[in-house]
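S.K.: Data file run_6.cif (mmCIF, C-alpha atoms) is appended below.
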data_protein
loop_
_atom_site.group_PDB
_atom_site.id
_atom_site.type_symbol
_atom_site.label_atom_id
_atom_site.label_comp_id
_atom_site.auth_asym_id
_atom_site.auth_seq_id
_atom_site.Cartn_x
_atom_site.Cartn_y
_atom_site.Cartn_z
ATOM 1 C CA MET A 623 0.000 0.000 0.000
ATOM 2 C CA HIS A 624 1.421 3.378 -0.995
ATOM 3 C CA ASN A 625 0.353 6.713 0.479
ATOM 4 C CA THR A 626 1.460 10.219 -0.336
ATOM 5 C CA ILE A 627 1.012 12.834 2.361
ATOM 6 C CA TYR A 628 0.807 16.482 1.323
ATOM 7 C CA ILE A 629 1.121 19.320 3.826
ATOM 8 C CA LYS A 630 0.724 22.871 2.577
ATOM 9 C CA SER A 631 2.404 25.486 4.735
ATOM 10 C CA LYS A 632 4.529 28.573 4.416
ATOM 11 C CA ASN A 633 8.201 28.597 5.385
ATOM 12 C CA ILE A 634 8.696 24.817 5.625
ATOM 13 C CA ASP A 635 12.085 24.026 7.127
ATOM 14 C CA ILE A 636 12.860 20.569 5.778
ATOM 15 C CA ASP A 637 16.003 20.330 7.943
ATOM 16 C CA LYS A 638 13.858 20.534 11.091
ATOM 17 C CA ILE A 639 10.977 18.423 9.820
ATOM 18 C CA GLU A 640 12.914 15.512 8.317
ATOM 19 C CA PRO A 641 14.318 14.194 11.641
ATOM 20 C CA VAL A 642 10.802 14.261 13.146
ATOM 21 C CA ILE A 643 9.439 12.327 10.178
ATOM 22 C CA ASN A 644 12.219 9.745 10.516
ATOM 23 C CA GLN A 645 11.548 9.361 14.255
ATOM 24 C CA THR A 646 7.846 8.871 13.567
ATOM 25 C CA VAL A 647 8.577 6.218 10.946
ATOM 26 C CA GLU A 648 10.802 4.384 13.451
ATOM 27 C CA LYS A 649 8.001 4.452 16.051
ATOM 28 C CA VAL A 650 5.447 3.075 13.595
ATOM 29 C CA GLN A 651 7.888 0.368 12.452
ATOM 30 C CA LYS A 652 7.928 -1.019 15.995
ATOM 31 C CA TYR A 653 4.372 -2.283 15.541
ATOM 32 C CA VAL A 654 4.094 -2.287 11.724
ATOM 33 C CA PRO A 655 7.296 -3.909 10.390
ATOM 34 C CA GLY A 656 6.469 -3.295 6.701
ATOM 35 C CA TYR A 657 6.095 0.494 7.150
ATOM 36 C CA ARG A 658 8.760 2.648 5.454
ATOM 37 C CA LEU A 659 9.465 5.891 3.650
ATOM 38 C CA ILE A 660 9.594 5.461 -0.108
ATOM 39 C CA ASN A 661 11.513 8.667 -0.821
ATOM 40 C CA LYS A 662 13.182 11.358 1.194
ATOM 41 C CA PRO A 663 10.624 14.055 2.168
ATOM 42 C CA CYS A 664 10.722 17.062 -0.150
ATOM 43 C CA VAL A 665 9.206 20.516 -0.503
ATOM 44 C CA ASN A 666 7.697 21.894 -3.699
ATOM 45 C CA ASN A 667 5.824 25.238 -3.850
ATOM 46 C CA ASN A 668 5.216 25.360 -0.061
ATOM 47 C CA ILE A 669 3.974 21.766 -0.048
ATOM 48 C CA LEU A 670 5.752 19.118 2.002
ATOM 49 C CA ILE A 671 5.526 15.738 0.258
ATOM 50 C CA VAL A 672 6.065 12.521 2.197
ATOM 51 C CA MET A 673 5.637 9.140 0.520
ATOM 52 C CA VAL A 674 5.227 6.009 2.633
ATOM 53 C CA GLU A 675 4.591 2.359 1.944
ATOM 54 C CA VAL A 676 3.219 -0.511 3.991
ATOM 55 C CA GLU A 677 4.073 -3.987 2.795
ATOM 56 C CA GLY A 678 1.953 -6.722 4.291
ATOM 57 C CA SER A 679 3.495 -9.727 5.991
ATOM 58 C CA GLY A 680 1.976 -12.057 3.410
ATOM 59 C CA ASP A 681 0.834 -14.533 6.062
ATOM 60 C CA TYR A 682 -2.779 -14.873 4.908
ATOM 61 C CA LEU A 683 -3.217 -12.084 2.381
ATOM 62 C CA PRO A 684 -1.048 -10.828 -0.493
ATOM 63 C CA LYS A 685 1.867 -8.560 0.473
ATOM 64 C CA TYR A 686 0.254 -5.635 -1.369
ATOM 65 C CA SER A 687 -2.581 -5.606 1.190
ATOM 66 C CA GLY A 688 -0.469 -3.741 3.748
ATOM 67 C CA ASN A 689 -3.428 -1.550 4.644
ATOM 68 C CA LEU A 690 -4.995 -4.526 6.430
ATOM 69 C CA ASP A 691 -1.740 -5.322 8.251
ATOM 70 C CA ILE A 692 -1.441 -1.756 9.514
ATOM 71 C CA PHE A 693 -4.988 -1.901 10.899
ATOM 72 C CA THR A 694 -4.343 -5.209 12.643
ATOM 73 C CA SER A 695 -0.893 -4.250 13.923
ATOM 74 C CA SER A 696 -2.103 -0.882 15.202
ATOM 75 C CA ALA A 697 -5.077 -2.442 16.973
ATOM 76 C CA ALA A 698 -2.828 -5.057 18.602
ATOM 77 C CA ALA A 699 -0.374 -2.358 19.779
ATOM 78 C CA ILE A 700 -3.186 -0.254 21.258
ATOM 79 C CA ALA A 701 -4.672 -3.298 22.991
ATOM 80 C CA GLN A 702 -1.279 -4.148 24.454
ATOM 81 C CA MET A 703 -0.761 -0.587 25.745
ATOM 82 C CA TYR A 704 -4.256 -0.615 27.246
ATOM 83 C CA ALA A 705 -3.668 -3.991 28.912
ATOM 84 C CA GLN A 706 -0.391 -2.794 30.416
ATOM 85 C CA GLU A 707 -2.093 0.306 31.783
ATOM 86 C CA VAL A 708 -5.034 -1.643 33.236
ATOM 87 C CA PHE A 709 -3.180 -4.640 34.622
ATOM 88 C CA TYR A 710 0.122 -3.076 35.672
ATOM 89 C CA ALA A 711 -1.031 0.297 36.971
ATOM 90 C CA GLY A 712 -0.594 0.733 40.683
#
Would you kindly transcribe this structure into structure tokens?

M.R.:
Amino acid sequence: MHNTIYIKSKNIDIDKIEPVINQTVEKVQKYVPGYRLINKPCVNNNILIVMVEVEGSGDYLPKYSGNLDIFTSSAAAIAQMYAQEVFYAG
């Protein structure tokens, strides 16, 4: 699954934004292993362009169905965080 994210803004500082994008990708990769940047983020006419891809695990569905893997992986990560909060809090 490929997605292109467009953000229109004035005075985009790619040098400040790019590390934040990379950190966010690393966080998502912890629970969605097939998530990655396709290209380096770029700016064109005050529009930040970020292209990402999610490749499915291919366990039960084709690898191109990464959108379903991201839903499942995200739901599992949220459930795990919730369980840790409920069962391990105080």

S.K.: Quick one, how far is atom CA of A:Val674 from atom CA of A:Ser696?

M.R.: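 For atom CA of A:Val674 relative to atom CA of A:Ser696, the distance reads 16.1 Å.
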
S.K.: What's the separation between atom CA of A:Tyr653 and atom CA of A:Asp637, in Å to one decimal place?

M.R.: 26.5 Å

S.K.: For each of A:Leu670, A:Met623, A:Val708, A:Ile660, take the minimum atom-to-atom distance to A:Ile639, counting all atoms listed in the file, then give the residue where this is smallest.

M.R.: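 Residue with the minimum atom-to-atom distance to A:Ile639: A:Leu670.
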
S.K.: From the list A:Asp635, A:Glu648, A:Glu707, A:Asp691, which residue is nearest A:Asn668 when using all atoms listed in the file?

M.R.: A:Asp635

S.K.: Go through A:Tyr710, A:Lys630, A:His624, A:Phe693 one by one, measure the shortest atom-to-atom distance of each to A:Ile671 using only C-alpha atoms, and give the residue with the smallest value.

M.R.: A:Lys630

S.K.: Calculate how many Å separate atom CA of A:Thr694 from atom CA of A:Ser679, rounding to one decimal.

M.R.: 11.2 Å

S.K.: Write out as a list of chain:residue names which residues come within 8 Å of A:Val647 when counting only C-alpha atoms, dropping same-chain ones fewer than 3 positions away.

M.R.: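 Using only C-alpha atoms, the neighbours found are A:Ile643, A:Asn644, A:Val650, A:Gln651, A:Tyr657, A:Arg658, A:Leu659.
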
S.K.: Could you check the closest approach to A:Asn633 for each of A:Leu683, A:Leu690, A:Asn666, A:Gly656 and tell me which residue wins, using all atoms listed in the file?

M.R.: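 Using all atoms listed in the file, A:Asn633 sits closest to A:Asn666.
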
S.K.: Which of these, A:Val672, A:Val654, A:Lys685, A:Val665, has the shortest distance to A:Ala698 once you count only C-alpha atoms?

M.R.: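 Between A:Val672, A:Val654, A:Lys685, A:Val665, the residue approaching A:Ala698 most closely is A:Val654.
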
S.K.: Quick one: of A:Ala699, A:Thr626, A:Ala705, A:Ser631, who's nearest to A:Asn661, counting all atoms listed in the file?

M.R.: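 The closest residue to A:Asn661 is A:Thr626.
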